[in-house]
2 protein chains.
Amino acid sequence: MALSFWLMRVLLPFAAVMALHAQNLMPLPAGITPGQGQLQIDESFRVAFTGYREPRLDAAAGRLARLVAARTGLILSGAAQGSATLEVRCAGAGEKVQGIREDESYRLEVTPRGARLEAATPAGVLRGFATFAQLVELDAAGFRVPAVRVDDRPRFPWRGLTLDVSRHWMPMDVIRRTLDGMWAVKLNALHLHLSDDQGFRIESKRYPRLQGMGSGGYYFTQDQVREIVAYARDRGIRILPEFDMPGHTSSWFPGYPELAAGPGPHEVPRGFGVLDGCMDPTREETYRFLDGFIGEMATLFPDEYFHIGGDEVNGKWWNANPRIQEFKRAHGMKTNEDLQAYFTKRVQGIVAKHGKKMVGWDEIMHPDLPRGIVVHSWRGANSLAQAAADGFSAILSNGWYLDLMQHTDQHYLVDPLAGAAASLTPEQKSRILGGEACEWAELITAENVDARIWPRTAAIAERLWSPADVRDVDSMYRRLAVVSSELEWLGLEHASSFHLMVMRLAGTHDPAPLALLANVVEPVKEYQRHNSRKYTTTTPLNRLVDVARPESAVARDFAKLVDGYIASRTGAGEIRSRLTAWRANAARLAPVLRDSALLAEAAPLSQDLAALAAAGLQALTTLEAGNHAPAGWVDQQLALAKGAAQPRAELLLSVVPPVRKLIEAAR
Amino acid sequence: MALSFWLMRVLLPFAAVMALHAQNLMPLPAGITPGQGQLQIDESFRVAFTGYREPRLDAAAGRLARLVAARTGLILSGAAQGSATLEVRCAGAGEKVQGIREDESYRLEVTPRGARLEAATPAGVLRGFATFAQLVELDAAGFRVPAVRVDDRPRFPWRGLTLDVSRHWMPMDVIRRTLDGMWAVKLNALHLHLSDDQGFRIESKRYPRLQGMGSGGYYFTQDQVREIVAYARDRGIRILPEFDMPGHTSSWFPGYPELAAGPGPHEVPRGFGVLDGCMDPTREETYRFLDGFIGEMATLFPDEYFHIGGDEVNGKWWNANPRIQEFKRAHGMKTNEDLQAYFTKRVQGIVAKHGKKMVGWDEIMHPDLPRGIVVHSWRGANSLAQAAADGFSAILSNGWYLDLMQHTDQHYLVDPLAGAAASLTPEQKSRILGGEACEWAELITAENVDARIWPRTAAIAERLWSPADVRDVDSMYRRLAVVSSELEWLGLEHASSFHLMVMRLAGTHDPAPLALLANVVEPVKEYQRHNSRKYTTTTPLNRLVDVARPESAVARDFAKLVDGYIASRTGAGEIRSRLTAWRANAARLAPVLRDSALLAEAAPLSQDLAALAAAGLQALTTLEAGNHAPAGWVDQQLALAKGAAQPRAELLLSVVPPVRKLIEAAR
């Protein structure tokens, strides 16, 4: 088939094509063209390589086969004979260390007779495999892949996830699962936040007191780091290490107090917040130490980039240290920002000496820095655009902080090239390399980290991969549910941990009534949890707020039902059946709440859910009868809803807004 | 506290004590005495050893702490200071290789100030840890262990599980999970059925064509075997290898055709049943080979016992082989049983030469065999009693075949010392060492094996550990639900695989309506599945019958509700709400069934469930109104129930009997 024909078809209206042939894909591909028929997937499923081949490709084909076997339940015969289901032609080896300009494009053509994947590099093959896996679906004729042609390439070269392993330790299993999930949604950079005030999480052979006195025993050995790097490379993912400095460094000081700008004795803090711990940027010994340390780490992490943090220096120790004050005067520095700029330049020199390009949070931005560095914007779209305008490369994380418990659509609609960046020149825009979702770990543990990262991160991955006009929120949510299941097949625990944590809270009671409540509440947003109690690294994170998902899908669906009912009086039965279940739940849940020390705080939420549901039912009955509710009743119920909208137990009852709409509609 | 005091209290009525203090224990201990108050479990939880110590004990303490952390969600501080929560005094090392007479007894005393565990051996400590873990519970004051004294020892020394890894391959993860579960319920012998017609599952370095041509690449390497043995020993579990011979040996012959009594060419069969493949017991080469092979395996597996199978020789190859017929004549053997006895004696000599005691299925029993061997009864209680009467040691598996899809109570009430064994002398009875649950793998895969083994095996474990009079079925079911959750915390997948398999079948639909149906159906019993289609080792096991649990807890609960209603007219609301949900489910499930090739066969079950539920609701309404249903209606509904009781899609609708009762009650 001539290329021109395909190109023409690629230009078909995207939404129409998608509805039929990309219903399970996330991120959506750059181009997709429907074909006729389906390719059957049965126990003869087999991948074959006709072009370039390397162990990484063989391993990837093995993983694809295992994923297909897991999703279908087929017992693959493993025979090497017969025609391959999926023929792969890879043009050649990729970069020795995957860089941000690695060609990740691929073409996948599926016909009823077979599938064919073409890519310039193994990275492209890995992306094509992820697409193929998502295309496998069960229909009335069996497991099949729809005939389709996908011409795909990423919009941004840097599509990452920051994972904080310092505030709470994340063991190897979490890293592996995270990388598995990233592969599935075509993310290509895992940024490990390896040190912070609360923990130093990597083995230094040169400075062993870093992990020895800064980790409580929870750190990655260098062998484990090599395993992570290899595991990631197998999935086409870079590993970007971050050592946050000069602030966020309290955990360095018990082992190496000479680095500190402030007085000892030093210990690893358990509390959170912007702490005072900060390096002394005035002593040459600091830079000699960092030269040794960064040199060691630069060897361990092959990536071209090296993240030095640089955020949130509160300056207290600097201000309190007469020697540092004297240094500033002697060098004509007026502010602590000047002093940090001096530090950053010195560190940049060290990073460059060891062959790496520096990345830092947006506080590091300074006119004197070389333009090869990358500014990582966490504070807003403006600093991103400013960096690009000033000639720096830049990546975005503002708007993608997963720990703020925002809804997926909020993250989804954030675009690195929107806002201030929209008015940049094309050349300036090209410096915006992409971005990273960020999972900060003050309030997560290895148990619920998957549920905090997934599936929301899949939507951010789509923003970074797919064309800019892919912004249909309804479509995103529909596909997000599918990709969420796919992640379960890959072994991610975002769904199973919910079940286990609910079961724990319910003790020996039936967990169903508690699961119902957990499904309609959400943790309070942004940093509000820290207002309600003093969290530390050892505070148990085993309460309902730790189970509740950032976004209640039940509430979202219910809100749609209510909107539909108000608009056209449809769906009353569905609304009634949900409200009835919610109204009945408080009685079923009462003994569970009574017997669980961890659940006592949730009682008001359960009662309010029942009361709200009763009000909603009354409103619905009124509306169905074509009547109006008395104003007094409406006001009374709205007051109830207002009370129910208040956070309790650090949770929000997420069905309040749609029930309020029903009540108001009955007025 | 004086021992005599404790002994007296141990004699208190068991049921009364249990209700309060052993509600989560399975198996129930031999003796339990309630105390006053509770021991709080918080982040300072710590185990300390005051007596004998060895790496196995440290590892066990670490696993206990991790299990406590997982179940509670506490972040254990890991501090070595402060008083220990659980102090352990182990008297000394156990046997170098755990034998069947290893002392597994322990005493556990819990007070509000701390817990103390005493045992003669590490094996006893491991049993005490399992009890302690089950005692941790959440109540209104937090996580606690009730004050209690447990004096415990097993009723039988041999408490095992046979796992068939031949018919379907079970990888290392399955073995590890199985051993984890066995530890939790105090089983102490994992019997691996390592070879059968359909696969030879272990590496022989001496005869590498065994695995090379008999396994399809799926076998345990010798390093993996050593890992399994060590993993098991860490949990106080023996590994008993079985190499089934002279029948069930088809997989040996592709590599070593000279062993076969029948003509080649040989290949590994995919079909099931009692196949013809059988060794030639007349050639000396056979015994030389077995001497070499058993010698190699005897070194690899340290256990005192060695299982040589010996079951189901159909004799066809022997009958068809003139040389073998001649051999029988020359040696005055009349039957094939005589010939097998000759083979068994020869093999017994080889096994003994390599320092092992032979175990075999009950076909091997023969007066000429030495009395040190163990007869493994699969055919019935009579052969077990006969073996013991004849002076052999014996273990039971009849009644404990997990693949027959029986309900837990059926397995639970089987007792090795009941039936024919009840009339044995005490000395003869003492030869009955215990038994093994058996999981044969014709119709299971690594995906659903956990759900086929667990939680039912916990009830069999209780039979083998607990006093003979522990037989309360209601109590068993209540505690079984608790132990099932505990197994989830240990990482077993019996619950999560159900969820995943339902999700697979539902495709992109909401899996809830399908889960509802899956929860009220059961696979057909015994070997009936093989009547409905020709299964082979590559037949996909991804249908509803592979998801459905052997026993529907929903149906059991519903039957209790109906019995209660019929007896005393209570619970009508609960019955109505379940029937209403079932009646409504067919419509919700219809699109799911329509879109899934794997589910088309389930449509009649879904329709019958709805129809039955409608009939049940009508009956309930009639009964609630104090009326009688017309005889014609009753007969019509009973005919419906009769139809619904027929197997469809290899499944039984398990709510038919209680609904039938409701209908009959309305007559």
# chains A, B, ... in the order shown; residues from 1 in each chain; ligands from 1
>>> residues_around(residues="region 349-361 of chain A", least_positions_apart="4", cutoff="9 Å", atoms="only C-alpha atoms", output="ChimeraX atom specification")
/A:242,244,287,290-291,294-295,298-299,303-311,344-345,365,372-379,394
>>> write_last_selection(atoms="C-alpha atoms", output="short mmCIF file (atom, residue, chain, number, x, y, z; two decimals), in the first residue's frame")
data_model
loop_
_atom_site.label_atom_id
_atom_site.label_comp_id
_atom_site.auth_asym_id
_atom_site.auth_seq_id
_atom_site.Cartn_x
_atom_site.Cartn_y
_atom_site.Cartn_z
CA GLU A 242 18.27 13.60 42.07
CA ASP A 244 18.62 17.66 46.43
CA TYR A 287 32.79 21.22 46.84
CA LEU A 290 30.45 16.97 46.22
CA ASP A 291 33.05 16.40 43.53
CA ILE A 294 28.83 13.35 42.25
CA GLY A 295 31.73 11.62 40.52
CA ALA A 298 27.80 9.93 37.75
CA THR A 299 29.46 6.58 37.15
CA ASP A 303 21.96 9.08 32.12
CA GLU A 304 23.10 12.24 30.38
CA TYR A 305 21.37 14.36 33.03
CA PHE A 306 21.91 14.77 36.74
CA HIS A 307 19.37 16.51 39.00
CA ILE A 308 20.73 18.58 41.86
CA GLY A 309 17.42 19.77 43.31
CA GLY A 310 18.05 23.30 44.52
CA ASP A 311 14.59 24.06 45.86
CA THR A 344 24.67 26.25 41.88
CA LYS A 345 27.36 27.45 39.50
CA MET A 365 17.66 29.62 37.27
CA GLY A 372 22.81 23.37 28.44
CA ILE A 373 21.14 22.85 31.79
CA VAL A 374 17.49 21.97 32.34
CA VAL A 375 15.21 24.00 34.55
CA HIS A 376 12.55 21.87 36.23
CA SER A 377 9.55 24.04 36.92
CA TRP A 378 7.57 23.16 40.01
CA ARG A 379 6.38 26.64 40.86
CA ALA A 394 12.93 23.27 30.65
#
>>> interface_residues(of="chain B", to="chain A", cutoff="6 Å", atoms="only C-alpha atoms", output="NGL selection string")
:B and (73-75 or 138-142 or 507 or 538 or 540 or 542 or 595-597)
>>> write_last_selection(atoms="C-alpha atoms", output="short mmCIF file (atom, residue, chain, number, x, y, z; two decimals), in the first residue's frame")
data_model
loop_
_atom_site.label_atom_id
_atom_site.label_comp_id
_atom_site.auth_asym_id
_atom_site.auth_seq_id
_atom_site.Cartn_x
_atom_site.Cartn_y
_atom_site.Cartn_z
CA GLY B 73 -0.24 -0.79 58.58
CA LEU B 74 2.10 0.28 61.36
CA ILE B 75 5.53 1.56 60.45
CA LEU B 138 -8.15 -4.65 65.52
CA ASP B 139 -10.64 -3.47 68.08
CA ALA B 140 -11.99 -0.17 69.29
CA ALA B 141 -8.74 0.51 71.13
CA GLY B 142 -6.32 -0.37 68.36
CA GLY B 507 -13.61 -7.20 29.02
CA THR B 538 -2.94 -26.51 26.46
CA PRO B 540 -7.19 -22.45 28.04
CA ASN B 542 -9.91 -18.97 31.43
CA ASP B 595 -19.56 -9.18 24.07
CA SER B 596 -17.43 -11.99 25.44
CA ALA B 597 -16.71 -15.16 23.51
#
>>> select_by_dssp(residues="region 53-193 of chain A", states="alpha helix (DSSP H)", output="PyMOL selection string")
chain A and resi 55-72+122-135+172-184
>>> residues_around(residues="Glu427 (chain B)", least_positions_apart="4", cutoff="12 Å", atoms="only C-alpha atoms", output="list in words")
Ala388, Ala389, Asp390, Gly391, Phe392, Ser393, Ala421, Ser423, Arg431, Ile432 and Leu433 of chain B
>>> residues_around(residues="Pro157 (chain B)", least_positions_apart="5", cutoff="10 Å", atoms="only C-alpha atoms", output="list of chain:residue names")
B:Gly99, B:Ile100, B:Arg101, B:Glu102, B:Asp103, B:Glu104, B:Leu187, B:Asn188, B:Ala189, B:Ile432, B:Leu433, B:Gly434, B:Gly435, B:Leu464, B:Trp465
>>> write_last_selection(atoms="N, CA and C atoms", output="compact mmCIF listing (two decimals), in the first residue's frame")
# COMPACT_ATOMS: atom_id res chain seq x y z
N GLY B 99 12.48 -33.93 60.82
CA GLY B 99 11.87 -35.24 60.66
C GLY B 99 10.43 -35.22 61.13
N ILE B 100 9.77 -36.36 61.01
CA ILE B 100 8.35 -36.36 61.38
C ILE B 100 8.18 -36.40 62.89
N ARG B 101 9.25 -36.66 63.62
CA ARG B 101 9.12 -36.65 65.08
C ARG B 101 9.68 -35.37 65.70
N GLU B 102 9.95 -34.41 64.88
CA GLU B 102 10.42 -33.12 65.40
C GLU B 102 9.38 -32.56 66.37
N ASP B 103 9.86 -32.03 67.46
CA ASP B 103 8.95 -31.47 68.46
C ASP B 103 8.41 -30.13 67.98
N GLU B 104 7.12 -30.07 67.73
CA GLU B 104 6.52 -28.81 67.23
C GLU B 104 5.68 -28.12 68.30
N LEU B 187 0.88 -26.47 58.56
CA LEU B 187 1.21 -27.68 57.79
C LEU B 187 2.73 -27.81 57.76
N ASN B 188 3.20 -29.06 57.65
CA ASN B 188 4.65 -29.24 57.74
C ASN B 188 5.28 -30.11 56.66
N ALA B 189 4.52 -30.41 55.60
CA ALA B 189 5.11 -31.22 54.53
C ALA B 189 4.53 -30.83 53.18
N ILE B 432 -0.66 -44.44 61.98
CA ILE B 432 -1.30 -43.47 61.07
C ILE B 432 -0.73 -42.09 61.39
N LEU B 433 0.13 -41.65 60.52
CA LEU B 433 0.96 -40.48 60.83
C LEU B 433 0.27 -39.15 60.54
N GLY B 434 -0.79 -39.21 59.76
CA GLY B 434 -1.45 -37.96 59.39
C GLY B 434 -1.97 -38.05 57.98
N GLY B 435 -1.75 -37.02 57.20
CA GLY B 435 -2.25 -37.05 55.84
C GLY B 435 -1.84 -35.83 55.04
N LEU B 464 -5.75 -32.01 60.96
CA LEU B 464 -4.50 -32.73 61.22
C LEU B 464 -3.77 -32.21 62.46
N TRP B 465 -4.02 -30.97 62.80
CA TRP B 465 -3.32 -30.39 63.97
C TRP B 465 -4.16 -30.48 65.24
>>> residues_around(residues="Val268 (chain A)", least_positions_apart="2", cutoff="7 Å", atoms="only C-alpha atoms", output="list in words")
Asp197, Gln198, Gly199, Gly214, Ser250, Ser251, His266 and Arg270 of chain A
